[in-house]
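For reference, the structure is listed below as structure tokens.
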Amino acid sequence: MTTQLLLIQGLNGLQLGILLFLIAAGLTLVFGVMDFINLAHGVQYMIGAYLAAWIAAATGSFWVALVLALPLALALGLLLEFLVFRHLYDRDHLQQVLATFGVILVVNQGVKWLFGAAPLQVPTPELLTGGIRLMEGLLYPTYRIAIIAGGLAVAGLLWWLVERTKVGMLVRAGATNAPMVAALGVDIRRLFMIVFGFGAMLAGFAGVLAAPILSVEPGMGDNLLILAFVVIVIGGIGSVRGAFLAALLVGLVETLGRSLMPDLMRLFLSASDARQVGAALASMLVYIAMAAILAFRPAGLFPVRTS
Amino acid sequence: MDRLRSDLTAIAVLAALAAAPFVGFGEGYVLTLLARAMILAMAAVALSLLVGGAGLVSMGHAAMLGFGAYAVVILDAARIVDAAIVLPVAVLAAAGFALLTGAIAIRTSGVHFIMITLAFGQMAFFTASSLAGYGGDDGYTLYARSEVAGTRLLEDRLTFHFVCVAALAATWLLCRMLLESRFGRVLRASKGNPLRAQALGFDPYPYRLVAYVIAGGIGGASGFLFANATEFVAPAYFSWQRSGELLFMVILGGLAGLHGALIGALGFVLLEEWLSHQWEHWRIVFGVLLILAVLYLPNGLSGIPGQVAGALRKGDRRG
């Protein structure tokens, strides 16, 4: 029983980690290359989920929604970049935090206006309903496996793009020293736009993937965004590899902590106290991990910047 | 000159708040709104000491209010309602949290400081959410407001109004004196040029930590007033979005002096209130206004006169 529970929670943690990575990858690149804090990145995730819910309801097909939501999420991301973010690149971090905070208010309320405050449901695509037998008496939903597989595939693609292509090389160079790249004759604004658009699309993709298993509601990106920030700070700002490992770490710690912490506390406390203290500790666990890592390695686990 | 102007503006704002009940703003709901604005202004002034004075951009300041408010809740549940006990506990709880977390957070700087204070704020938030004995996510309704010397002094709206005015004035005075003192000069010097301050023999760390703890204590006091004003406390009041709002008040007002935080907080709360009566989806307008303020008011609301004067002068030269 315990191994089964552990396996299920481990897979759930992996799946949360994959979703976090898809959000954090864009965040860390935008942050690393443009030195731009985008609190509104979680909004891209929400936009992806809402687009999926809207298109799936209109066409009745999750796959159509998946195909259409990505370019639309990209377009909306670029629109936000054009309207707001572009004017913030030269500002200090504080102003970026505040202006993008304003964007969160606008978009969260905007979807509430358009779609209502009640959560929307997206049916799981027919092809991926049911479960897969992992071992004796253990059925794990196919769709969740598909999320893990799809996320890993995208992570692989991203690795190839960043490590093996010319644009990826420029992105890596930009994360290390953006002014130098600009001085060498690269159109840094265009590079910014590519990175930004790509990040927005990845977050939108995460939103589409999450739509059938989570409720699609206004503000759904806010809490995940904070976790994504934890991920990029732990992983080292600008590092995709760091973001990947940190995302899996945070996903596992968050999920396993929630299921194991109350049991662990029962060793020391009475049952009702253990449930309370365990739940509190579990939700704090990732933040404690982040504080500990920052206290000893202020630049994160895989720092990119050498200066 | 600038300092004089800042002081005069702050004093004028405080005087206007004190006079408000006598010039037609004495109705119950107006006083409630003003109390809320003043309590948040207290926290904003303390945050302004950190951001403007020490260069510490804290994204977890709401947690300090939370500690103050939850001190009231926990003591209320234990039937301890004397303000002479509750207020010091609220202040010390928040200051203690600030000391513990600040000791780690201040080792980092820049973006990492923003993120780590955010993380500590989230920890406090989740702790409050899991306090099932005190309502958890749903919040906790106080039996009554705190008692002062055995009397229900704070129940009276007008008295509470003046308590808030006095608390805000005291906060402003304390932060202003701190900024002007030797302590404040070292803080500002380490913000402007840390290397030079260090070369003069000042290690910024203890100064920043003390400022962080003081701001935390003030946050605790405003949390105490917040709980007493609403008589209801929920974790949602102290989420990271609230920290963002507090930071916004500071920047909206302007960092040139502490009067900015006063103006910013009052402006923020009153604008929010007015807009929310105009349209159900007022947050869209509010968000757009906030974005525009960041983009076009680099010195905040309190910098508008200077900006206008500057634009006029430029126009003169051209003409």
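Every chain in the structure tokens has a letter given in the order shown (A, B, ...), and although residue numbers restart at 1 in each chain, ligands are simply numbered from 1 in the order shown.
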
Please, which residues of chain A lie no more than 10 Å from chain B when the count uses only C-alpha atoms, and can they be set out as a PDB file with N, CA and C atoms, in the first residue's frame?
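Full text of result_26.pdb as output:
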ATOM      1  N   ASP A  35      16.488  40.593 -18.354  1.00  0.00           N
ATOM      2  CA  ASP A  35      16.548  41.170 -17.023  1.00  0.00           C
ATOM      3  C   ASP A  35      15.193  41.796 -16.683  1.00  0.00           C
ATOM      4  N   ILE A  37      11.472  41.161 -14.873  1.00  0.00           N
ATOM      5  CA  ILE A  37      10.620  40.351 -14.003  1.00  0.00           C
ATOM      6  C   ILE A  37       9.194  40.453 -14.496  1.00  0.00           C
ATOM      7  N   VAL A  84       2.499  46.699 -23.303  1.00  0.00           N
ATOM      8  CA  VAL A  84       2.983  47.046 -21.958  1.00  0.00           C
ATOM      9  C   VAL A  84       4.465  46.744 -21.749  1.00  0.00           C
ATOM     10  N   HIS A  87       7.716  48.618 -22.915  1.00  0.00           N
ATOM     11  CA  HIS A  87       8.061  49.926 -22.347  1.00  0.00           C
ATOM     12  C   HIS A  87       8.732  49.797 -20.989  1.00  0.00           C
ATOM     13  N   LEU A  88       8.907  48.550 -20.529  1.00  0.00           N
ATOM     14  CA  LEU A  88       9.416  48.360 -19.173  1.00  0.00           C
ATOM     15  C   LEU A  88      10.836  47.814 -19.132  1.00  0.00           C
ATOM     16  N   ARG A  91      13.308  49.924 -17.419  1.00  0.00           N
ATOM     17  CA  ARG A  91      12.971  50.397 -16.075  1.00  0.00           C
ATOM     18  C   ARG A  91      13.616  49.491 -15.027  1.00  0.00           C
ATOM     19  N   HIS A  93      13.643  47.002 -11.581  1.00  0.00           N
ATOM     20  CA  HIS A  93      12.840  45.814 -11.280  1.00  0.00           C
ATOM     21  C   HIS A  93      11.549  46.149 -10.554  1.00  0.00           C
ATOM     22  N   LEU A  94      11.637  47.132  -9.678  1.00  0.00           N
ATOM     23  CA  LEU A  94      10.466  47.500  -8.889  1.00  0.00           C
ATOM     24  C   LEU A  94       9.315  47.923  -9.799  1.00  0.00           C
ATOM     25  N   GLN A  95       9.637  48.768 -10.782  1.00  0.00           N
ATOM     26  CA  GLN A  95       8.582  49.231 -11.694  1.00  0.00           C
ATOM     27  C   GLN A  95       8.043  48.082 -12.541  1.00  0.00           C
ATOM     28  N   GLN A  96       8.930  47.150 -12.920  1.00  0.00           N
ATOM     29  CA  GLN A  96       8.474  45.995 -13.695  1.00  0.00           C
ATOM     30  C   GLN A  96       7.508  45.151 -12.867  1.00  0.00           C
ATOM     31  N   VAL A  97       7.870  44.937 -11.598  1.00  0.00           N
ATOM     32  CA  VAL A  97       7.000  44.155 -10.715  1.00  0.00           C
ATOM     33  C   VAL A  97       5.617  44.803 -10.644  1.00  0.00           C
ATOM     34  N   LEU A  98       5.595  46.123 -10.459  1.00  0.00           N
ATOM     35  CA  LEU A  98       4.321  46.802 -10.253  1.00  0.00           C
ATOM     36  C   LEU A  98       3.474  46.836 -11.521  1.00  0.00           C
ATOM     37  N   ALA A  99       4.095  47.161 -12.652  1.00  0.00           N
ATOM     38  CA  ALA A  99       3.309  47.255 -13.885  1.00  0.00           C
ATOM     39  C   ALA A  99       2.753  45.891 -14.276  1.00  0.00           C
ATOM     40  N   THR A 100       3.569  44.829 -14.119  1.00  0.00           N
ATOM     41  CA  THR A 100       3.062  43.513 -14.487  1.00  0.00           C
ATOM     42  C   THR A 100       2.011  43.041 -13.476  1.00  0.00           C
ATOM     43  N   PHE A 101       2.115  43.532 -12.240  1.00  0.00           N
ATOM     44  CA  PHE A 101       1.069  43.274 -11.243  1.00  0.00           C
ATOM     45  C   PHE A 101      -0.251  43.882 -11.733  1.00  0.00           C
ATOM     46  N   GLY A 102      -0.164  45.076 -12.314  1.00  0.00           N
ATOM     47  CA  GLY A 102      -1.347  45.709 -12.893  1.00  0.00           C
ATOM     48  C   GLY A 102      -1.936  44.857 -14.005  1.00  0.00           C
ATOM     49  N   VAL A 103      -1.039  44.252 -14.824  1.00  0.00           N
ATOM     50  CA  VAL A 103      -1.514  43.393 -15.915  1.00  0.00           C
ATOM     51  C   VAL A 103      -2.292  42.202 -15.357  1.00  0.00           C
ATOM     52  N   ILE A 104      -1.799  41.640 -14.239  1.00  0.00           N
ATOM     53  CA  ILE A 104      -2.514  40.516 -13.615  1.00  0.00           C
ATOM     54  C   ILE A 104      -3.933  40.922 -13.250  1.00  0.00           C
ATOM     55  N   LEU A 105      -4.063  42.101 -12.619  1.00  0.00           N
ATOM     56  CA  LEU A 105      -5.396  42.580 -12.233  1.00  0.00           C
ATOM     57  C   LEU A 105      -6.309  42.653 -13.451  1.00  0.00           C
ATOM     58  N   VAL A 106      -5.787  43.257 -14.519  1.00  0.00           N
ATOM     59  CA  VAL A 106      -6.606  43.475 -15.716  1.00  0.00           C
ATOM     60  C   VAL A 106      -7.038  42.145 -16.322  1.00  0.00           C
ATOM     61  N   VAL A 107      -6.092  41.233 -16.533  1.00  0.00           N
ATOM     62  CA  VAL A 107      -6.431  39.997 -17.246  1.00  0.00           C
ATOM     63  C   VAL A 107      -7.303  39.084 -16.378  1.00  0.00           C
ATOM     64  N   ASN A 108      -6.976  38.983 -15.071  1.00  0.00           N
ATOM     65  CA  ASN A 108      -7.819  38.164 -14.189  1.00  0.00           C
ATOM     66  C   ASN A 108      -9.265  38.639 -14.218  1.00  0.00           C
ATOM     67  N   GLN A 109      -9.431  39.960 -14.123  1.00  0.00           N
ATOM     68  CA  GLN A 109     -10.785  40.495 -14.133  1.00  0.00           C
ATOM     69  C   GLN A 109     -11.408  40.364 -15.517  1.00  0.00           C
ATOM     70  N   GLY A 110     -10.561  40.496 -16.543  1.00  0.00           N
ATOM     71  CA  GLY A 110     -11.054  40.377 -17.921  1.00  0.00           C
ATOM     72  C   GLY A 110     -11.665  39.010 -18.180  1.00  0.00           C
ATOM     73  N   LYS A 112     -12.847  37.048 -15.968  1.00  0.00           N
ATOM     74  CA  LYS A 112     -14.055  36.951 -15.143  1.00  0.00           C
ATOM     75  C   LYS A 112     -15.226  37.607 -15.863  1.00  0.00           C
ATOM     76  N   TRP A 113     -14.924  38.697 -16.535  1.00  0.00           N
ATOM     77  CA  TRP A 113     -15.937  39.434 -17.279  1.00  0.00           C
ATOM     78  C   TRP A 113     -16.450  38.598 -18.451  1.00  0.00           C
ATOM     79  N   ASP A 222      -1.936  32.565 -10.589  1.00  0.00           N
ATOM     80  CA  ASP A 222      -1.203  33.350  -9.588  1.00  0.00           C
ATOM     81  C   ASP A 222      -0.336  32.497  -8.675  1.00  0.00           C
ATOM     82  N   ASN A 223      -0.953  31.436  -8.124  1.00  0.00           N
ATOM     83  CA  ASN A 223      -0.186  30.634  -7.169  1.00  0.00           C
ATOM     84  C   ASN A 223       0.891  29.810  -7.854  1.00  0.00           C
ATOM     85  N   ILE A 226       3.956  31.930  -8.434  1.00  0.00           N
ATOM     86  CA  ILE A 226       4.867  32.079  -7.293  1.00  0.00           C
ATOM     87  C   ILE A 226       5.769  30.853  -7.208  1.00  0.00           C
ATOM     88  N   LEU A 227       5.176  29.661  -7.418  1.00  0.00           N
ATOM     89  CA  LEU A 227       5.991  28.446  -7.407  1.00  0.00           C
ATOM     90  C   LEU A 227       7.022  28.477  -8.534  1.00  0.00           C
ATOM     91  N   PHE A 229       8.411  31.081  -9.777  1.00  0.00           N
ATOM     92  CA  PHE A 229       9.490  31.981  -9.360  1.00  0.00           C
ATOM     93  C   PHE A 229      10.439  31.267  -8.410  1.00  0.00           C
ATOM     94  N   VAL A 230       9.860  30.484  -7.488  1.00  0.00           N
ATOM     95  CA  VAL A 230      10.696  29.692  -6.591  1.00  0.00           C
ATOM     96  C   VAL A 230      11.606  28.792  -7.425  1.00  0.00           C
ATOM     97  N   VAL A 233      14.445  30.760  -9.136  1.00  0.00           N
ATOM     98  CA  VAL A 233      15.434  31.255  -8.173  1.00  0.00           C
ATOM     99  C   VAL A 233      16.294  30.102  -7.665  1.00  0.00           C
ATOM    100  N   ILE A 237      18.871  31.908 -12.157  1.00  0.00           N
ATOM    101  CA  ILE A 237      18.133  32.682 -13.156  1.00  0.00           C
ATOM    102  C   ILE A 237      18.796  32.608 -14.524  1.00  0.00           C
ATOM    103  N   SER A 272      -4.962  14.891  15.370  1.00  0.00           N
ATOM    104  CA  SER A 272      -5.543  16.125  14.820  1.00  0.00           C
ATOM    105  C   SER A 272      -4.460  17.207  14.719  1.00  0.00           C
ATOM    106  N   ASP A 273      -3.585  17.280  15.730  1.00  0.00           N
ATOM    107  CA  ASP A 273      -2.475  18.232  15.663  1.00  0.00           C
ATOM    108  C   ASP A 273      -1.587  17.915  14.462  1.00  0.00           C
ATOM    109  N   ARG A 275      -2.319  16.541  11.688  1.00  0.00           N
ATOM    110  CA  ARG A 275      -2.906  16.928  10.409  1.00  0.00           C
ATOM    111  C   ARG A 275      -2.685  18.426  10.172  1.00  0.00           C
ATOM    112  N   GLN A 276      -2.939  19.217  11.226  1.00  0.00           N
ATOM    113  CA  GLN A 276      -2.779  20.681  11.101  1.00  0.00           C
ATOM    114  C   GLN A 276      -1.338  21.093  10.852  1.00  0.00           C
ATOM    115  N   VAL A 277      -0.471  20.627  11.766  1.00  0.00           N
ATOM    116  CA  VAL A 277       0.936  21.019  11.668  1.00  0.00           C
ATOM    117  C   VAL A 277       1.540  20.484  10.377  1.00  0.00           C
ATOM    118  N   GLY A 278       1.157  19.248  10.039  1.00  0.00           N
ATOM    119  CA  GLY A 278       1.686  18.636   8.823  1.00  0.00           C
ATOM    120  C   GLY A 278       1.294  19.422   7.591  1.00  0.00           C
ATOM    121  N   ALA A 279       0.032  19.844   7.523  1.00  0.00           N
ATOM    122  CA  ALA A 279      -0.430  20.597   6.360  1.00  0.00           C
ATOM    123  C   ALA A 279       0.302  21.928   6.266  1.00  0.00           C
ATOM    124  N   ALA A 280       0.483  22.585   7.419  1.00  0.00           N
ATOM    125  CA  ALA A 280       1.185  23.872   7.410  1.00  0.00           C
ATOM    126  C   ALA A 280       2.620  23.687   6.948  1.00  0.00           C
ATOM    127  N   LEU A 281       3.289  22.671   7.530  1.00  0.00           N
ATOM    128  CA  LEU A 281       4.686  22.438   7.169  1.00  0.00           C
ATOM    129  C   LEU A 281       4.821  22.084   5.698  1.00  0.00           C
ATOM    130  N   ALA A 282       3.852  21.274   5.195  1.00  0.00           N
ATOM    131  CA  ALA A 282       3.935  20.834   3.809  1.00  0.00           C
ATOM    132  C   ALA A 282       3.860  22.023   2.867  1.00  0.00           C
ATOM    133  N   SER A 283       2.957  22.978   3.149  1.00  0.00           N
ATOM    134  CA  SER A 283       2.859  24.106   2.225  1.00  0.00           C
ATOM    135  C   SER A 283       4.051  25.049   2.359  1.00  0.00           C
ATOM    136  N   MET A 284       4.760  24.958   3.493  1.00  0.00           N
ATOM    137  CA  MET A 284       5.923  25.825   3.660  1.00  0.00           C
ATOM    138  C   MET A 284       7.200  25.204   3.107  1.00  0.00           C
ATOM    139  N   LEU A 285       7.138  23.877   2.872  1.00  0.00           N
ATOM    140  CA  LEU A 285       8.361  23.130   2.585  1.00  0.00           C
ATOM    141  C   LEU A 285       9.179  23.716   1.436  1.00  0.00           C
ATOM    142  N   VAL A 286       8.519  24.029   0.308  1.00  0.00           N
ATOM    143  CA  VAL A 286       9.292  24.532  -0.838  1.00  0.00           C
ATOM    144  C   VAL A 286       9.916  25.883  -0.525  1.00  0.00           C
ATOM    145  N   TYR A 287       9.196  26.689   0.277  1.00  0.00           N
ATOM    146  CA  TYR A 287       9.743  28.009   0.587  1.00  0.00           C
ATOM    147  C   TYR A 287      10.920  27.894   1.543  1.00  0.00           C
ATOM    148  N   ILE A 288      10.810  26.914   2.460  1.00  0.00           N
ATOM    149  CA  ILE A 288      11.944  26.670   3.359  1.00  0.00           C
ATOM    150  C   ILE A 288      13.143  26.215   2.530  1.00  0.00           C
ATOM    151  N   MET A 290      13.754  26.882  -0.555  1.00  0.00           N
ATOM    152  CA  MET A 290      14.285  28.018  -1.309  1.00  0.00           C
ATOM    153  C   MET A 290      15.110  28.930  -0.411  1.00  0.00           C
ATOM    154  N   ALA A 291      14.584  29.229   0.789  1.00  0.00           N
ATOM    155  CA  ALA A 291      15.321  30.113   1.695  1.00  0.00           C
ATOM    156  C   ALA A 291      16.667  29.490   2.047  1.00  0.00           C
ATOM    157  N   ALA A 292      16.664  28.165   2.294  1.00  0.00           N
ATOM    158  CA  ALA A 292      17.908  27.496   2.660  1.00  0.00           C
ATOM    159  C   ALA A 292      18.906  27.557   1.502  1.00  0.00           C
ATOM    160  N   LEU A 294      18.988  29.705  -0.997  1.00  0.00           N
ATOM    161  CA  LEU A 294      19.446  31.084  -1.225  1.00  0.00           C
ATOM    162  C   LEU A 294      20.429  31.532  -0.154  1.00  0.00           C
ATOM    163  N   ALA A 295      20.220  31.036   1.092  1.00  0.00           N
ATOM    164  CA  ALA A 295      21.107  31.461   2.170  1.00  0.00           C
ATOM    165  C   ALA A 295      22.528  30.951   1.913  1.00  0.00           C
ATOM    166  N   PHE A 296      22.630  29.759   1.287  1.00  0.00           N
ATOM    167  CA  PHE A 296      23.961  29.195   1.077  1.00  0.00           C
ATOM    168  C   PHE A 296      24.485  29.422  -0.332  1.00  0.00           C
ATOM    169  N   ARG A 297      23.576  29.441  -1.312  1.00  0.00           N
ATOM    170  CA  ARG A 297      24.000  29.703  -2.700  1.00  0.00           C
ATOM    171  C   ARG A 297      23.119  30.806  -3.254  1.00  0.00           C
ATOM    172  N   PRO A 298      23.469  32.071  -2.968  1.00  0.00           N
ATOM    173  CA  PRO A 298      22.592  33.187  -3.325  1.00  0.00           C
ATOM    174  C   PRO A 298      22.246  33.251  -4.815  1.00  0.00           C
ATOM    175  N   ALA A 299      23.048  32.643  -5.696  1.00  0.00           N
ATOM    176  CA  ALA A 299      22.745  32.724  -7.121  1.00  0.00           C
ATOM    177  C   ALA A 299      21.999  31.495  -7.616  1.00  0.00           C
ATOM    178  N   GLY A 300      21.551  30.619  -6.718  1.00  0.00           N
ATOM    179  CA  GLY A 300      20.830  29.432  -7.143  1.00  0.00           C
ATOM    180  C   GLY A 300      21.776  28.267  -7.401  1.00  0.00           C
TER     181      GLY A 300
END

Spatial neighbours of stretch 224-235 of chain B, 6 Å, only C-alpha atoms, chain gap at least 2 places, as an NGL selection string
:B and (68-69 or 128-129 or 139-142 or 145 or 221-222 or 237-238)

Would you output that residue set with N, CA and C atoms, as a PDB file, in the first residue's frame?
ATOM      1  N   GLY B  68       0.417  40.711  13.082  1.00  0.00           N
ATOM      2  CA  GLY B  68      -0.272  41.567  14.041  1.00  0.00           C
ATOM      3  C   GLY B  68      -1.722  41.163  14.198  1.00  0.00           C
ATOM      4  N   ALA B  69      -2.407  40.935  13.064  1.00  0.00           N
ATOM      5  CA  ALA B  69      -3.827  40.606  13.104  1.00  0.00           C
ATOM      6  C   ALA B  69      -4.056  39.256  13.774  1.00  0.00           C
ATOM      7  N   ALA B 128      -1.140  30.622   8.317  1.00  0.00           N
ATOM      8  CA  ALA B 128      -2.424  31.154   8.762  1.00  0.00           C
ATOM      9  C   ALA B 128      -3.574  30.325   8.192  1.00  0.00           C
ATOM     10  N   SER B 129      -3.440  29.890   6.920  1.00  0.00           N
ATOM     11  CA  SER B 129      -4.516  29.111   6.294  1.00  0.00           C
ATOM     12  C   SER B 129      -4.712  27.779   6.993  1.00  0.00           C
ATOM     13  N   GLY B 139     -11.324  32.218   7.890  1.00  0.00           N
ATOM     14  CA  GLY B 139     -11.144  33.391   8.729  1.00  0.00           C
ATOM     15  C   GLY B 139     -11.830  33.257  10.076  1.00  0.00           C
ATOM     16  N   TYR B 140     -11.678  34.268  10.881  1.00  0.00           N
ATOM     17  CA  TYR B 140     -12.097  34.225  12.289  1.00  0.00           C
ATOM     18  C   TYR B 140     -12.777  35.545  12.624  1.00  0.00           C
ATOM     19  N   THR B 141     -13.955  35.466  13.233  1.00  0.00           N
ATOM     20  CA  THR B 141     -14.655  36.680  13.645  1.00  0.00           C
ATOM     21  C   THR B 141     -14.364  36.961  15.109  1.00  0.00           C
ATOM     22  N   LEU B 142     -13.895  38.167  15.403  1.00  0.00           N
ATOM     23  CA  LEU B 142     -13.555  38.528  16.780  1.00  0.00           C
ATOM     24  C   LEU B 142     -14.829  38.634  17.618  1.00  0.00           C
ATOM     25  N   ARG B 145     -13.964  44.230  19.812  1.00  0.00           N
ATOM     26  CA  ARG B 145     -12.700  44.937  19.658  1.00  0.00           C
ATOM     27  C   ARG B 145     -11.925  44.896  20.971  1.00  0.00           C
ATOM     28  N   ALA B 221       1.684  46.555  14.295  1.00  0.00           N
ATOM     29  CA  ALA B 221       0.748  47.502  14.917  1.00  0.00           C
ATOM     30  C   ALA B 221      -0.416  47.783  13.978  1.00  0.00           C
ATOM     31  N   SER B 222      -0.126  47.933  12.671  1.00  0.00           N
ATOM     32  CA  SER B 222      -1.236  48.218  11.762  1.00  0.00           C
ATOM     33  C   SER B 222      -2.110  46.978  11.594  1.00  0.00           C
ATOM     34  N   TYR B 237      -6.554  38.308   3.457  1.00  0.00           N
ATOM     35  CA  TYR B 237      -6.177  39.719   3.587  1.00  0.00           C
ATOM     36  C   TYR B 237      -4.667  39.917   3.509  1.00  0.00           C
ATOM     37  N   PHE B 238      -3.924  38.831   3.740  1.00  0.00           N
ATOM     38  CA  PHE B 238      -2.469  38.991   3.860  1.00  0.00           C
ATOM     39  C   PHE B 238      -1.740  38.162   2.810  1.00  0.00           C
TER      40      PHE B 238
END

Between atom CA of B:Leu173 and atom CA of B:Phe97, distance in Å (one decimal)
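Those two atoms sit 23.7 Å apart.
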
Write down as JSON, numbers by chain the residues of stretch 94-152 of chain A whose backbone DSSP state falls under strand (DSSP E or B).
{"A": [120, 131, 132, 133, 134, 135, 138, 139, 140, 141]}

Expected file: the selected residues, N, CA and C atoms, as a PDB file, in the first residue's frame:
ATOM      1  N   LEU A 120     -14.517  26.591 -15.108  1.00  0.00           N
ATOM      2  CA  LEU A 120     -14.955  25.856 -16.291  1.00  0.00           C
ATOM      3  C   LEU A 120     -14.340  24.465 -16.256  1.00  0.00           C
ATOM      4  N   GLY A 131      -7.232   4.446 -17.565  1.00  0.00           N
ATOM      5  CA  GLY A 131      -5.976   4.431 -16.833  1.00  0.00           C
ATOM      6  C   GLY A 131      -5.034   3.379 -17.359  1.00  0.00           C
ATOM      7  N   ILE A 132      -3.806   3.462 -16.892  1.00  0.00           N
ATOM      8  CA  ILE A 132      -2.806   2.462 -17.255  1.00  0.00           C
ATOM      9  C   ILE A 132      -2.435   1.707 -15.990  1.00  0.00           C
ATOM     10  N   ARG A 133      -2.380   0.363 -16.124  1.00  0.00           N
ATOM     11  CA  ARG A 133      -2.002  -0.432 -14.951  1.00  0.00           C
ATOM     12  C   ARG A 133      -0.497  -0.401 -14.796  1.00  0.00           C
ATOM     13  N   LEU A 134      -0.045   0.230 -13.718  1.00  0.00           N
ATOM     14  CA  LEU A 134       1.396   0.318 -13.501  1.00  0.00           C
ATOM     15  C   LEU A 134       1.901  -0.902 -12.744  1.00  0.00           C
ATOM     16  N   MET A 135       1.102  -1.392 -11.789  1.00  0.00           N
ATOM     17  CA  MET A 135       1.447  -2.623 -11.086  1.00  0.00           C
ATOM     18  C   MET A 135       0.153  -3.207 -10.513  1.00  0.00           C
ATOM     19  N   LEU A 138      -2.874  -1.055  -9.209  1.00  0.00           N
ATOM     20  CA  LEU A 138      -2.560   0.370  -9.281  1.00  0.00           C
ATOM     21  C   LEU A 138      -2.860   0.884 -10.690  1.00  0.00           C
ATOM     22  N   LEU A 139      -3.937   1.681 -10.794  1.00  0.00           N
ATOM     23  CA  LEU A 139      -4.347   2.233 -12.073  1.00  0.00           C
ATOM     24  C   LEU A 139      -4.038   3.720 -12.064  1.00  0.00           C
ATOM     25  N   TYR A 140      -3.235   4.160 -13.012  1.00  0.00           N
ATOM     26  CA  TYR A 140      -2.908   5.585 -13.033  1.00  0.00           C
ATOM     27  C   TYR A 140      -3.506   6.213 -14.290  1.00  0.00           C
ATOM     28  N   PRO A 141      -4.184   7.391 -14.165  1.00  0.00           N
ATOM     29  CA  PRO A 141      -4.884   7.969 -15.321  1.00  0.00           C
ATOM     30  C   PRO A 141      -3.953   8.171 -16.520  1.00  0.00           C
TER      31      PRO A 141
END

Contact residues around B:Ser6 with only C-alpha atoms at 8 Å, ignoring same-chain residues under 4 positions, as a PDB file with N, CA and C atoms, in the first residue's frame:
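Output file out_2.pdb follows:
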ATOM      1  N   ASP B   2      13.125  70.716  -0.038  1.00  0.00           N
ATOM      2  CA  ASP B   2      12.328  69.541  -0.388  1.00  0.00           C
ATOM      3  C   ASP B   2      11.792  68.862   0.856  1.00  0.00           C
ATOM      4  N   ALA B  10       2.839  66.187   4.388  1.00  0.00           N
ATOM      5  CA  ALA B  10       2.416  65.115   5.296  1.00  0.00           C
ATOM      6  C   ALA B  10       1.542  65.680   6.411  1.00  0.00           C
ATOM      7  N   GLY B 257       9.813  61.145  -0.572  1.00  0.00           N
ATOM      8  CA  GLY B 257       9.729  61.375   0.868  1.00  0.00           C
ATOM      9  C   GLY B 257       8.639  60.502   1.435  1.00  0.00           C
ATOM     10  N   LEU B 258       8.534  60.466   2.768  1.00  0.00           N
ATOM     11  CA  LEU B 258       7.530  59.590   3.380  1.00  0.00           C
ATOM     12  C   LEU B 258       6.109  60.068   3.088  1.00  0.00           C
ATOM     13  N   HIS B 259       5.967  61.365   2.762  1.00  0.00           N
ATOM     14  CA  HIS B 259       4.619  61.855   2.458  1.00  0.00           C
ATOM     15  C   HIS B 259       4.044  61.128   1.244  1.00  0.00           C
TER      16      HIS B 259
END
